[in-house]
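> Below you will find the structure I want to go over with you.
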Amino acid sequence: MFEATVREGVLRLRRPGTRWLSTGWDGGRSRAATAYNVTVPEGFERTDLAAYRDERLARAEFGAEGNVEDDRDAAPTLFTGVSMDHARGARVGPVVAYATVGLSNPAMLPVESEAASAAGTAGATESRDATRRTEGRPDPGTVNLILGTTRRLAPGAAANLVAVAAEAKAATLLATAGIPGTTSDAVVVADDPAGEPAEFSGSATAVGGAARACVRDAVRASLRSRYPDGDVPGPAADAEHGVVTDERAEVFDP
């Protein structure tokens, strides 16, 4: 679906006329020829991300050609501390996915048994106070996903595909690294406005099923590349950054 180019720490995916839905920086819906995944250096603290993006794209000699009115701001851009040497893609039928996986800032969500949850209700205040949170800007570990299909997705199907991709990412990471994600994960979904229509994108559809397989295999491949010895900085490694969401919500009947 995409012409993929990696240069100067930037992955560019290019296909003219593509529609995008991004959960990342400056996200939302847009139409552009390109999307980018940009590696940032260790200790990155820039907040002028538009200017920083322009600097990096200029360094990589990536122009805005093909975008609507050459509007670079229409092109989704993700940022990560992971080198683009570890970017991996996977393709099934009408879907392709690209992933970069870094787990230095895991986001844990403990799930206890019903009995343990009930026993812990009385200590909810202490549990809530004990939750670890990352202050300020998140550490740029990040699992970034860019998922594209040659189908024309209905608006709801595009939004749902974000959820399908996030679910597949979480299931894969739980099975391989013991965590569902990081504090700064992002998903970009792309579709072809001239393609065969797809009203739905759930797991039982052609698009949704292919998306799950692509995300799983791209995430696993990037994970193996980034951590070839299997020494992932998840909970067992006591990662320096990250959060554990251990608040207890009040549960009620509507």
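Just so we're on the same page: first chain in the structure tokens is A, next is B, and so on; residues restart at 1 for each chain, and ligands are numbered from 1 in the order they show up.
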Report as an MDAnalysis selection string all protein, DNA and RNA residues lying within 9 Å of Leu57 (chain A), evaluated on only C-alpha atoms, omitting residues in the same chain fewer than 3 positions from it.

chainID A and resid 8 10 36 38 52:54 60:63

> How would you write, as a count of residues only, the set of residues in region 8-251 of chain A that DSSP gives as strand (DSSP E)?

62

> Report, in Å with one decimal, the straight-line distance from CA of Val215 (chain A) to CA of Phe44 (chain A).

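Distance reported for this atom pair: 27.1 Å.
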
> Determine the nearest neighbour of Asn105 (chain A) from the options A:Asp246, A:Asp217, A:Asp191, A:Asp185, counting only C-alpha atoms.

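With only C-alpha atoms as the atom set, the closest residue is A:Asp185.
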
> Would you pick out the contacts of region 151-154 of chain A at 7 Å or less, using only C-alpha atoms, so that residues sharing its chain but fewer than 6 positions from it are not included, and give the list as a ChimeraX atom specification?

/A:94,191-199

> Considering only C-alpha atoms, can you say which of A:Asn144, A:Thr245, A:Thr47, A:Thr39 comes closest to Met84 (chain A)?

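Ranking A:Asn144, A:Thr245, A:Thr47, A:Thr39 by distance to Met84 (chain A), first place goes to A:Thr39.
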
> Write out as a list of chain:residue names each polymer residue whose atoms come within 12 Å of Ala163 (chain A), counting only C-alpha atoms; drop sequence neighbours fewer than 2 positions from it.

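Surrounding residues, per the criterion: A:Leu21, A:Ser22, A:Thr23, A:Leu145, A:Leu147, A:Gly156, A:Ala157, A:Ala158, A:Ala159, A:Asn160, A:Leu161, A:Ala165, A:Ala166, A:Glu167, A:Ala168, A:Lys169, A:Ala170, A:Ala186, A:Val187, A:Val188, A:Val189, A:Ser201, A:Gly202, A:Ser203, A:Gly208, A:Ala211, A:Arg212, A:Val215.
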
> Quote the spacing between CA of Val232 (chain A) and CA of Thr176 (chain A) in Å to one decimal place.

9.3 Å

> Near Leu173 (chain A), counting only C-alpha atoms, which residues have an atom at most 12 Å away, once you skip same-chain residues fewer than 3 positions from it, shown as a ChimeraX atom specification?

/A:101-103,106-108,143,166-170,176-182,215-224,232,234

> Once you have the residues from the selection above, write them out as a compact mmCIF listing (two decimals), in the first residue's frame, restricted to N, CA, C and O atoms.


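That gives us again-v6.txt:
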```txt
# COMPACT_ATOMS: atom_id res chain seq x y z
N VAL A 101 8.90 -0.61 18.34
CA VAL A 101 8.58 -1.03 19.71
C VAL A 101 9.73 -0.70 20.65
O VAL A 101 10.84 -1.19 20.48
N GLY A 102 9.42 0.14 21.64
CA GLY A 102 10.33 0.42 22.75
C GLY A 102 9.54 0.35 24.04
O GLY A 102 8.44 0.88 24.11
N LEU A 103 10.09 -0.30 25.07
CA LEU A 103 9.31 -0.58 26.28
C LEU A 103 9.96 -0.01 27.54
O LEU A 103 9.80 -0.54 28.63
N PRO A 106 6.87 1.25 30.58
CA PRO A 106 5.67 0.41 30.54
C PRO A 106 4.51 1.00 31.32
O PRO A 106 4.69 1.69 32.32
N ALA A 107 3.31 0.72 30.84
CA ALA A 107 2.08 1.14 31.51
C ALA A 107 1.33 -0.10 31.95
O ALA A 107 0.72 -0.78 31.13
N MET A 108 1.38 -0.41 33.24
CA MET A 108 0.79 -1.62 33.77
C MET A 108 -0.62 -1.36 34.29
O MET A 108 -0.91 -0.29 34.81
N VAL A 143 5.36 2.53 21.67
CA VAL A 143 5.03 1.59 20.61
C VAL A 143 4.20 2.36 19.59
O VAL A 143 3.07 2.76 19.87
N ALA A 166 -5.01 -1.38 18.66
CA ALA A 166 -4.56 -1.25 20.05
C ALA A 166 -4.76 -2.55 20.82
O ALA A 166 -3.92 -2.96 21.62
N GLU A 167 -5.89 -3.22 20.57
CA GLU A 167 -6.16 -4.50 21.23
C GLU A 167 -5.12 -5.55 20.81
O GLU A 167 -4.61 -6.29 21.66
N ALA A 168 -4.82 -5.60 19.52
CA ALA A 168 -3.85 -6.58 19.03
C ALA A 168 -2.46 -6.28 19.58
O ALA A 168 -1.70 -7.20 19.94
N LYS A 169 -2.12 -5.01 19.68
CA LYS A 169 -0.83 -4.62 20.25
C LYS A 169 -0.75 -5.04 21.71
O LYS A 169 0.25 -5.63 22.16
N ALA A 170 -1.81 -4.78 22.48
CA ALA A 170 -1.81 -5.13 23.90
C ALA A 170 -1.71 -6.64 24.10
O ALA A 170 -0.95 -7.13 24.95
N THR A 176 4.26 -11.53 25.05
CA THR A 176 5.70 -11.59 24.77
C THR A 176 6.55 -10.83 25.78
O THR A 176 7.72 -11.17 25.98
N ALA A 177 5.98 -9.79 26.42
CA ALA A 177 6.77 -8.95 27.32
C ALA A 177 6.11 -8.75 28.68
O ALA A 177 6.71 -8.13 29.57
N GLY A 178 4.88 -9.22 28.86
CA GLY A 178 4.22 -9.11 30.15
C GLY A 178 3.63 -7.76 30.46
O GLY A 178 3.23 -7.48 31.58
N ILE A 179 3.55 -6.87 29.45
CA ILE A 179 2.93 -5.56 29.64
C ILE A 179 2.00 -5.28 28.46
O ILE A 179 2.22 -5.80 27.36
N PRO A 180 0.95 -4.45 28.66
CA PRO A 180 0.04 -4.19 27.55
C PRO A 180 0.46 -3.04 26.65
O PRO A 180 -0.09 -2.87 25.56
N GLY A 181 1.40 -2.22 27.10
CA GLY A 181 1.82 -1.07 26.30
C GLY A 181 2.67 -0.13 27.13
O GLY A 181 3.13 -0.48 28.22
N THR A 182 2.89 1.08 26.59
CA THR A 182 3.69 2.09 27.29
C THR A 182 2.85 3.33 27.51
O THR A 182 1.69 3.41 27.10
N VAL A 215 -0.57 -6.38 12.90
CA VAL A 215 -0.06 -5.72 14.10
C VAL A 215 0.72 -6.71 14.95
O VAL A 215 1.83 -6.42 15.41
N ARG A 216 0.15 -7.89 15.17
CA ARG A 216 0.85 -8.90 15.98
C ARG A 216 2.23 -9.18 15.43
O ARG A 216 3.24 -9.16 16.17
N ASP A 217 2.32 -9.44 14.13
CA ASP A 217 3.59 -9.88 13.56
C ASP A 217 4.58 -8.73 13.40
O ASP A 217 5.80 -8.94 13.57
N ALA A 218 4.10 -7.51 13.11
CA ALA A 218 5.01 -6.36 13.04
C ALA A 218 5.55 -6.01 14.42
O ALA A 218 6.74 -5.71 14.58
N VAL A 219 4.69 -6.05 15.44
CA VAL A 219 5.13 -5.76 16.81
C VAL A 219 6.15 -6.80 17.28
O VAL A 219 7.19 -6.47 17.84
N ARG A 220 5.87 -8.07 17.03
CA ARG A 220 6.81 -9.12 17.44
C ARG A 220 8.15 -8.97 16.73
O ARG A 220 9.21 -9.16 17.35
N ALA A 221 8.12 -8.64 15.45
CA ALA A 221 9.37 -8.50 14.70
C ALA A 221 10.18 -7.32 15.20
O ALA A 221 11.42 -7.42 15.36
N SER A 222 9.53 -6.19 15.46
CA SER A 222 10.25 -5.02 15.98
C SER A 222 10.77 -5.29 17.38
O SER A 222 11.88 -4.88 17.73
N LEU A 223 9.97 -5.99 18.19
CA LEU A 223 10.40 -6.34 19.55
C LEU A 223 11.65 -7.21 19.52
O LEU A 223 12.60 -6.99 20.27
N ARG A 224 11.66 -8.21 18.63
CA ARG A 224 12.84 -9.08 18.51
C ARG A 224 14.06 -8.30 18.05
O ARG A 224 15.18 -8.56 18.49
N VAL A 232 13.67 -7.58 27.87
CA VAL A 232 12.80 -6.41 27.75
C VAL A 232 12.68 -5.72 29.10
O VAL A 232 12.65 -6.38 30.14
N GLY A 234 10.47 -4.70 31.03
CA GLY A 234 9.12 -4.75 31.57
C GLY A 234 9.15 -4.82 33.08
O GLY A 234 10.16 -4.51 33.72
```

> Could you check the closest approach to Pro76 (chain A) for each of A:Glu55, A:Val244, A:Ala190, A:Val40 and tell me which residue wins, using only C-alpha atoms?

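Residue with the minimum atom-to-atom distance to Pro76 (chain A): A:Ala190.
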
> With only C-alpha atoms as the basis for distance, which of A:Ala204, A:Leu11, A:Ala32, A:Met1 is at the shortest distance from Val96 (chain A)?

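Nearest candidate to Val96 (chain A) out of A:Ala204, A:Leu11, A:Ala32, A:Met1: A:Met1.
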
> Can you work out which one of A:Ala87, A:Ala171, A:Ala213, A:Leu109 has the shortest atom-to-atom distance to Arg226 (chain A), counting only C-alpha atoms?

A:Ala87

> Using backbone DSSP assignments, extract all alpha helix (DSSP H) residues from region 7-237 of chain A; output them as JSON, numbers by chain.

{"A": [49, 50, 51, 52, 53, 54, 55, 56, 57, 58, 59, 114, 115, 116, 117, 118, 119, 124, 125, 126, 127, 128, 129, 130, 155, 156, 157, 158, 159, 160, 161, 162, 163, 164, 165, 166, 167, 168, 169, 170, 171, 172, 173, 174, 175, 176, 177, 206, 207, 208, 209, 210, 211, 212, 213, 214, 215, 216, 217, 218, 219, 220, 221, 222, 223, 224, 225, 226]}

> Report, in Å to a single decimal, how far apart CA of Glu42 (chain A) and CA of Thr77 (chain A) are.

18.5 Å

> Quick one: of A:Gly209, A:Pro16, A:Gly9, A:Gly28, who's nearest to Pro155 (chain A), counting only C-alpha atoms?

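Among the listed residues, A:Gly28 lies closest to Pro155 (chain A).
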